[in-house]
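Notes follow once the structure below has been shown.
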Amino acid sequence: MAKFFLYLKEWIWDLFVNGIISSYLVHFKVRNIFYYIAGIKKISVKKSAIHARCYISGKNIEIKEGSYINKECLLDAKGGNITIGKNVGIGYRCQLLTTNHSYTDKKKRTGKVIASDITIGDGCWIGAGSIINPGVTIGDGCVIASGSVVTRDCISNGLYAGVPAKMIKRL
């Protein structure tokens with residue numbers, strides 16, 4: 001019976017957060033207030049924006065003032081923390097993933113869930129369609145080119161691009 005209530009709680013969260021709140025019918029300023037009510041306590045409610053159709057898994061999210069997350073992004077904060085600094089722009093359809101799986105079991109490569117935090121420093125721009133993998137720290141002032149897959153830490157003030165993302169030049 002306890003499992004049933006756990007699933008019910010997750011279903012209600014999904015319906016409320018990823019259905020109703022993420023709708024185009026809800027203005028982003030109102031959306032931030034609803035996210036706060038839903039338990040995501042560390043959103044700079046007045047000075048940041050999460051636009052429509054973003055999928056949020058988990059409450060371990062901190063978004064500092066002046067930052068925005070564009071439409072249709074995925075924030076997987078179920079296992080690890082996602083920290084987004086001040087004045088960060090996250091482009092359309094980006095994915096921030098804090099979880100992965102152990103793949104050591106031959107019979108089931110999607111084994112135990114492994115979680116690691118993601119940190120994005122102040123003043124960064126994450127281009128559309130980029131993927132930030134678990135455990136990555138992106139230093140202040142970085143630009144991640146559209147479609148990049150970030151698998152390792154990025155030092156401050158660098159332009160990164162590619163799959164996997166590599167530094168192209170210092171900014």
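Here's how to read the names in the structure tokens: chain A, B, ... by the order shown, residue numbers from 1 in each chain, ligand numbers from 1 in the order shown.
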
Would you please extract all strand (DSSP E) residues from chain A, as assigned by DSSP on the backbone, and give them as number ranges by chain?
-> A: 42-43, 49-50, 55-57, 61-63, 68-69, 74-76, 82-84, 89-90, 95-97, 99-101, 113-115, 118-120, 125-126, 131-132, 137-138, 143-144, 149-150, 158-161, 166-170

Could you dump the residues just selected with C-alpha atoms as a PDB file, in the first residue's frame?
```pdb
ATOM      1  CA  LYS A  42      15.284  28.024  -4.275  1.00  0.00           C
ATOM      2  CA  ILE A  43      13.946  29.843  -7.329  1.00  0.00           C
ATOM      3  CA  ALA A  49      11.969  32.671 -15.486  1.00  0.00           C
ATOM      4  CA  ILE A  50      11.176  29.099 -16.406  1.00  0.00           C
ATOM      5  CA  TYR A  55       9.812  19.020 -17.609  1.00  0.00           C
ATOM      6  CA  ILE A  56      11.021  19.055 -14.004  1.00  0.00           C
ATOM      7  CA  SER A  57      11.889  15.885 -12.135  1.00  0.00           C
ATOM      8  CA  ILE A  61      16.882  23.032  -8.047  1.00  0.00           C
ATOM      9  CA  GLU A  62      18.364  26.442  -7.297  1.00  0.00           C
ATOM     10  CA  ILE A  63      17.959  29.221  -9.840  1.00  0.00           C
ATOM     11  CA  TYR A  68      15.994  32.027 -17.488  1.00  0.00           C
ATOM     12  CA  ILE A  69      15.242  28.597 -18.823  1.00  0.00           C
ATOM     13  CA  LEU A  74      14.360  18.957 -19.088  1.00  0.00           C
ATOM     14  CA  LEU A  75      15.650  19.430 -15.544  1.00  0.00           C
ATOM     15  CA  ASP A  76      16.372  16.048 -13.956  1.00  0.00           C
ATOM     16  CA  ILE A  82      20.994  21.536 -10.083  1.00  0.00           C
ATOM     17  CA  THR A  83      22.433  24.962  -9.267  1.00  0.00           C
ATOM     18  CA  ILE A  84      22.080  27.716 -11.851  1.00  0.00           C
ATOM     19  CA  GLY A  89      20.521  31.837 -20.212  1.00  0.00           C
ATOM     20  CA  ILE A  90      19.515  28.255 -20.982  1.00  0.00           C
ATOM     21  CA  GLN A  95      18.688  18.838 -20.874  1.00  0.00           C
ATOM     22  CA  LEU A  96      20.294  18.983 -17.428  1.00  0.00           C
ATOM     23  CA  LEU A  97      20.686  15.397 -16.226  1.00  0.00           C
ATOM     24  CA  THR A  99      21.251  10.805 -12.893  1.00  0.00           C
ATOM     25  CA  ASN A 100      22.880   7.932 -14.709  1.00  0.00           C
ATOM     26  CA  HIS A 101      22.985   4.153 -14.220  1.00  0.00           C
ATOM     27  CA  VAL A 113      20.910   4.848 -10.280  1.00  0.00           C
ATOM     28  CA  ILE A 114      23.959   7.062  -9.723  1.00  0.00           C
ATOM     29  CA  ALA A 115      23.372  10.762  -9.045  1.00  0.00           C
ATOM     30  CA  ILE A 118      25.262  19.973 -11.860  1.00  0.00           C
ATOM     31  CA  THR A 119      26.496  23.527 -11.272  1.00  0.00           C
ATOM     32  CA  ILE A 120      26.289  26.311 -13.834  1.00  0.00           C
ATOM     33  CA  TRP A 125      24.812  30.867 -21.936  1.00  0.00           C
ATOM     34  CA  ILE A 126      23.812  27.275 -22.697  1.00  0.00           C
ATOM     35  CA  ILE A 131      22.940  18.294 -22.853  1.00  0.00           C
ATOM     36  CA  ILE A 132      24.689  18.744 -19.509  1.00  0.00           C
ATOM     37  CA  THR A 137      30.462  22.118 -13.284  1.00  0.00           C
ATOM     38  CA  ILE A 138      30.403  24.928 -15.823  1.00  0.00           C
ATOM     39  CA  VAL A 143      29.201  29.722 -23.590  1.00  0.00           C
ATOM     40  CA  ILE A 144      28.101  26.224 -24.565  1.00  0.00           C
ATOM     41  CA  VAL A 149      27.081  17.413 -24.992  1.00  0.00           C
ATOM     42  CA  VAL A 150      28.982  18.484 -21.881  1.00  0.00           C
ATOM     43  CA  GLY A 158      35.433  29.481 -22.336  1.00  0.00           C
ATOM     44  CA  LEU A 159      33.513  28.731 -25.516  1.00  0.00           C
ATOM     45  CA  TYR A 160      32.732  25.010 -25.660  1.00  0.00           C
ATOM     46  CA  ALA A 161      31.269  23.076 -28.580  1.00  0.00           C
ATOM     47  CA  LYS A 166      35.631  20.756 -25.974  1.00  0.00           C
ATOM     48  CA  MET A 167      36.978  24.240 -25.432  1.00  0.00           C
ATOM     49  CA  ILE A 168      37.158  26.138 -28.708  1.00  0.00           C
ATOM     50  CA  LYS A 169      38.600  29.341 -27.284  1.00  0.00           C
ATOM     51  CA  ARG A 170      38.894  31.549 -24.212  1.00  0.00           C
TER      52      ARG A 170
END
```

Alpha helix (DSSP H) positions in segment 10-133 of chain A, given as a list in words =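 In segment 10-133 of chain A, DSSP puts these residues in alpha helix (DSSP H): Glu10, Trp11, Ile12, Trp13, Phe28, Lys29, Val30, Arg31, Asn32, Ile33, Phe34, Tyr35, Tyr36, Ile37 and Ala38 of chain A.
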
Distance in Å - atom CA of Gly147 of chain A versus atom CA of Glu72 of chain A =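 Pair atom CA of Gly147 of chain A / atom CA of Glu72 of chain A returns 14.4 Å.
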
For Ile20 of chain A: contacts at 10 Å, only C-alpha atoms, fewer than 6 positions along chain excluded, given as a list in words =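 Here the qualifying residues turn out to be Asp14, Val26, Arg31, Phe34 and Arg53 of chain A.
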
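The smallest atom-to-atom distance between Ser22 of chain A and any of A:Gly79, A:Thr104, A:Ser116, A:Asn70, using only C-alpha atoms, is found for A:Asn70.
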
Write out as a list in words each polymer residue whose atoms come within 6 Å of Arg93 of chain A, counting only C-alpha atoms; drop sequence neighbours fewer than 3 positions from it.
-> Glu72, Cys73, Ala128 and Gly129 of chain A

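The two atoms in question, atom CA of Gly85 of chain A and atom CA of Ala52 of chain A, are spaced 20.4 Å apart.
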